[in-house]
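Chemist: My file is model_39.pdb. It has PDB, C-alpha atoms:
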ATOM      1  CA  MET C 237       2.768  20.935 -10.955
ATOM      2  CA  LEU C 238       3.734  21.300 -14.627
ATOM      3  CA  ALA C 239       7.288  22.369 -13.744
ATOM      4  CA  ARG C 240       8.391  18.718 -13.825
ATOM      5  CA  TRP C 241       8.149  18.700 -17.631
ATOM      6  CA  PRO C 242      10.194  20.968 -19.932
ATOM      7  CA  LEU C 243       7.235  22.245 -21.955
ATOM      8  CA  THR C 244       8.205  23.774 -25.293
ATOM      9  CA  LEU C 245       4.979  23.618 -27.318
ATOM     10  CA  ASP C 246       1.374  24.330 -26.357
ATOM     11  CA  ALA C 247      -0.598  22.452 -29.006
ATOM     12  CA  ALA C 248      -4.047  23.981 -28.394
ATOM     13  CA  ALA C 249      -3.753  27.577 -27.229
ATOM     14  CA  ARG C 250      -4.274  31.228 -27.977
ATOM     15  CA  ALA C 251      -1.767  34.032 -27.555
ATOM     16  CA  ASP C 252      -3.424  35.140 -24.298
ATOM     17  CA  ASN C 253      -3.449  31.713 -22.617
ATOM     18  CA  THR C 254      -0.461  29.754 -23.939
ATOM     19  CA  LEU C 255       1.820  28.291 -21.288
ATOM     20  CA  VAL C 256       4.962  28.690 -23.414
ATOM     21  CA  PRO C 257       6.001  30.973 -26.291
ATOM     22  CA  GLY C 258       5.728  28.152 -28.837
ATOM     23  CA  TYR C 259       2.089  27.393 -29.513
ATOM     24  CA  LEU C 260      -0.442  26.283 -32.096
ATOM     25  CA  GLY C 261      -3.745  28.105 -32.194
ATOM     26  CA  PRO C 262      -6.252  30.128 -34.194
ATOM     27  CA  ASP C 263      -4.627  33.513 -33.499
ATOM     28  CA  HIS C 264      -1.010  32.498 -34.143
ATOM     29  CA  PRO C 265       0.808  35.159 -36.206
ATOM     30  CA  ASN C 266       2.082  32.429 -38.553
ATOM     31  CA  PRO C 267      -0.912  31.119 -40.577
ATOM     32  CA  GLY C 268       0.811  27.714 -40.823
ATOM     33  CA  ARG C 269       0.522  27.300 -37.038
ATOM     34  CA  ARG C 270      -3.160  28.191 -36.660
ATOM     35  CA  ASP C 271      -4.543  24.676 -37.089
ATOM     36  CA  ALA C 272      -2.920  22.069 -34.828
ATOM     37  CA  LEU C 273      -4.830  19.288 -36.562
ATOM     38  CA  ARG C 274      -3.196  19.913 -39.920
ATOM     39  CA  PHE C 275      -0.071  18.190 -38.597
ATOM     40  CA  GLU C 276       0.198  14.399 -38.472
ATOM     41  CA  HIS C 277       1.985  14.868 -35.140
ATOM     42  CA  TRP C 278       3.738  17.712 -33.293
ATOM     43  CA  ALA C 279       7.150  16.103 -32.708
ATOM     44  CA  ALA C 280       9.111  18.346 -35.101
ATOM     45  CA  LEU C 281       7.544  21.467 -33.571
ATOM     46  CA  ALA C 282       8.416  20.614 -29.959
ATOM     47  CA  GLY C 283      12.073  21.626 -30.179
ATOM     48  CA  GLY C 284      13.307  18.756 -28.040
ATOM     49  CA  GLY C 285      10.886  19.374 -25.179
ATOM     50  CA  VAL C 286       7.482  18.193 -24.077
ATOM     51  CA  VAL C 287       4.180  19.147 -25.721
ATOM     52  CA  TRP C 288       1.396  20.550 -23.515
ATOM     53  CA  LEU C 289      -2.183  19.817 -24.581
ATOM     54  CA  ASN C 290      -5.384  21.237 -23.120
ATOM     55  CA  PRO C 291      -7.602  20.383 -26.090
ATOM     56  CA  PRO C 292     -11.135  21.534 -26.825
ATOM     57  CA  TYR C 293     -13.371  19.016 -25.064
ATOM     58  CA  VAL C 294     -16.348  19.372 -27.390
ATOM     59  CA  PRO C 295     -17.316  18.219 -29.871
ATOM     60  CA  THR C 296     -15.877  14.849 -28.926
ATOM     61  CA  VAL C 297     -14.851  14.172 -32.528
ATOM     62  CA  THR C 298     -12.488  17.174 -32.279
ATOM     63  CA  LEU C 299     -11.230  16.053 -28.878
ATOM     64  CA  SER C 300     -10.555  12.604 -30.300
ATOM     65  CA  ARG C 301      -8.606  14.086 -33.224
ATOM     66  CA  PHE C 302      -6.396  16.081 -30.828
ATOM     67  CA  LEU C 303      -5.798  12.985 -28.707
ATOM     68  CA  GLY C 304      -4.879  11.022 -31.819
ATOM     69  CA  ARG C 305      -2.199  13.631 -32.544
ATOM     70  CA  ALA C 306      -0.961  13.326 -28.947
ATOM     71  CA  VAL C 307      -0.570   9.564 -29.348
ATOM     72  CA  ALA C 308       1.171  10.007 -32.727
ATOM     73  CA  THR C 309       3.527  12.617 -31.271
ATOM     74  CA  ALA C 310       4.523  10.311 -28.419
ATOM     75  CA  ARG C 311       5.080   7.459 -30.860
ATOM     76  CA  ALA C 312       7.363   9.808 -32.818
ATOM     77  CA  GLY C 313       9.500  10.159 -29.675
ATOM     78  CA  VAL C 314       8.179  13.350 -28.071
ATOM     79  CA  PRO C 315       6.212  13.192 -24.801
ATOM     80  CA  VAL C 316       2.840  14.916 -24.537
ATOM     81  CA  VAL C 317       1.147  15.962 -21.286
ATOM     82  CA  GLY C 318      -2.562  16.687 -21.467
ATOM     83  CA  LEU C 319      -5.268  18.016 -19.182
ATOM     84  CA  LEU C 320      -8.439  16.033 -19.811
ATOM     85  CA  PRO C 321     -11.817  15.372 -18.287
ATOM     86  CA  ALA C 322     -11.535  12.098 -16.358
ATOM     87  CA  SER C 323     -14.196  10.486 -18.534
ATOM     88  CA  THR C 324     -13.305   6.879 -17.888
ATOM     89  CA  GLY C 325     -16.468   5.610 -19.551
ATOM     90  CA  ALA C 326     -15.955   7.471 -22.822
ATOM     91  CA  ARG C 327     -14.872   5.718 -25.991
ATOM     92  CA  TRP C 328     -12.109   8.317 -26.590
ATOM     93  CA  TRP C 329     -10.708   7.649 -23.090
ATOM     94  CA  TRP C 330     -10.379   3.926 -23.781
ATOM     95  CA  GLU C 331      -8.969   4.419 -27.262
ATOM     96  CA  HIS C 332      -6.502   7.280 -26.754
ATOM     97  CA  VAL C 333      -5.597   7.028 -23.066
ATOM     98  CA  ILE C 334      -5.909   3.426 -21.889
ATOM     99  CA  GLY C 335      -5.379   1.840 -25.301
ATOM    100  CA  ALA C 336      -2.329   4.019 -25.947
ATOM    101  CA  GLY C 337      -0.696   3.016 -22.647
ATOM    102  CA  ALA C 338      -0.667   6.559 -21.265
ATOM    103  CA  GLU C 339       0.080   7.313 -17.622
ATOM    104  CA  VAL C 340      -2.809   8.938 -15.753
ATOM    105  CA  GLU C 341      -2.702  11.185 -12.692
ATOM    106  CA  PHE C 342      -6.199  11.917 -11.407
ATOM    107  CA  LEU C 343      -6.593  15.392  -9.929
ATOM    108  CA  ARG C 344      -8.468  15.778  -6.666
ATOM    109  CA  GLY C 345     -11.536  18.006  -6.652
ATOM    110  CA  ARG C 346     -12.692  20.303  -9.429
ATOM    111  CA  LEU C 347     -10.318  22.636 -11.243
ATOM    112  CA  SER C 348     -11.005  26.357 -10.985
ATOM    113  CA  PHE C 349     -10.660  28.580 -14.011
ATOM    114  CA  HIS C 350      -9.359  32.129 -13.853
ATOM    115  CA  GLY C 351      -8.042  34.511 -16.452
ATOM    116  CA  PRO C 352      -9.316  36.294 -19.529
ATOM    117  CA  HIS C 353     -11.864  33.647 -20.545
ATOM    118  CA  ALA C 354     -13.279  32.800 -17.103
ATOM    119  CA  ARG C 355     -16.614  33.991 -15.826
ATOM    120  CA  PRO C 356     -16.443  36.824 -13.273
ATOM    121  CA  GLY C 357     -15.519  35.347  -9.920
ATOM    122  CA  GLY C 358     -14.070  32.243 -11.572
ATOM    123  CA  ALA C 359     -15.728  28.928 -12.279
ATOM    124  CA  SER C 360     -15.131  25.282 -11.515
ATOM    125  CA  ALA C 361     -15.001  22.507 -14.070
ATOM    126  CA  PRO C 362     -18.202  20.448 -14.203
ATOM    127  CA  TRP C 363     -16.159  17.222 -14.170
ATOM    128  CA  ALA C 364     -13.176  15.603 -12.520
ATOM    129  CA  SER C 365      -9.897  16.030 -14.399
ATOM    130  CA  ALA C 366      -6.704  14.121 -15.028
ATOM    131  CA  LEU C 367      -3.216  14.810 -16.274
ATOM    132  CA  VAL C 368      -2.314  12.285 -18.942
ATOM    133  CA  LEU C 369       1.233  11.557 -20.107
ATOM    134  CA  TRP C 370       1.850   9.901 -23.445
ATOM    135  CA  SER C 371       5.515   8.991 -23.638
ATOM    136  CA  GLY C 372       5.929   6.507 -26.402
TER     137      GLY C 372
END
Reformat the file's structure so that it appears as C-alpha cells.

Modeler:
Amino acid sequence: MLARWPLTLDAAARADNTLVPGYLGPDHPNPGRRDALRFEHWAALAGGGVVWLNPPYVPTVTLSRFLGRAVATARAGVPVVGLLPASTGARWWWEHVIGAGAEVEFLRGRLSFHGPHARPGGASAPWASALVLWSG
C-alpha cells in the first residue's frame, strides 16, 4: 500500500520500526535527529522524497504538534503521508487534516499490530484508521 510513495524519511520512528533508513526518533544515533518536533518542518531532511508519519497519538497536544509539522512540511513543498486514527470529531482532525486540505483514505476494519512492540499474538487498533496525504 505504501509502495506508491517514494518514502525517504520516517518522522516518528525508532531504529527497530522505521520504514526507511532515514528517520527521526529518540534512539537515533545522531542526537540532532532524536526530537522530530525541534524542526519547523521536515522538508530539508526528506531528500527529495515523501515523509512518512505514524505519530504518537497521545497526548493529543503532542499529536497536534506532529500534525502541524506535517502541514508545514507539505507547505514547504514536500508531501507527507500519515497513519492516523480516523477521529473525525476531534479538533486536531478538523484543524490539521480537513482545514489543511489533506487527502484522506479511510482504511477498512481495524489495523493489526505485529512486531517488537506488539502484545503476544498481536493486537488490533481500538479505532478506525486513515491514511492522510498532505501535499501542499

Chemist: Using the chain letters and numbering of this document, enumerate as a ChimeraX atom specification the residues selected by the PyMOL selection byres ((chain C and resi 343) around 6).

Modeler: /C:342,344,365-366

Chemist: Record the distance separating CA of Ala248 in chain C and CA of Leu260 in chain C, expressed in Å with one decimal.

Modeler: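 Distance between the two atoms: 5.7 Å.
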
Chemist: I need the output of the PyMOL selection byres ((chain C and resi 277-282) around 12) for this file as a PyMOL selection string; which residues are they?

Modeler: chain C and resi 242-248+256-260+268-269+271-276+283-289+301-316+371-372

Chemist: Give as a VMD selection string the residues that the PyMOL selection byres ((chain C and resi 251) around 8) matches when applied to the coordinates above.

Modeler: chain C and resid 249 to 250 252 to 254 259 261 263 to 264

Chemist: Counting only C-alpha atoms, figure out which residue out of C:Val317, C:Leu255, C:Ala336, C:Gly325 gets nearest to Leu369 in chain C.

Modeler: C:Val317

Chemist: For Pro292 in chain C, which of C:Leu320, C:Ala359, C:Gly345, C:Pro262 is the closest residue, counting only C-alpha atoms?

Modeler: C:Leu320

Chemist: What gap, in Å, lies between CA of Tyr293 in chain C and CA of Glu331 in chain C?

Modeler: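 Distance reported for this atom pair: 15.4 Å.
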
Chemist: Just how far from CA of Thr298 in chain C is CA of Trp370 in chain C, in Å to one decimal?

Modeler: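 For CA of Trp370 in chain C relative to CA of Thr298 in chain C, the distance reads 18.3 Å.
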
Chemist: Padding of 4 Å on every side, edges along x, y and z, all listed atoms of range 322-339 of chain C included: what centre and edge lengths in Å, to one decimal, does that box have, as AutoDock Vina command-line options?

Modeler:
--center_x -8.2 --center_y 7.0 --center_z -21.8 --size_x 24.5 --size_y 18.3 --size_z 18.9

Chemist: Tell me which of C:Pro267, C:Glu339, C:Thr296, C:Val368 sits closest to Ala326 in chain C, counting all atoms listed in the file.

Modeler: C:Thr296
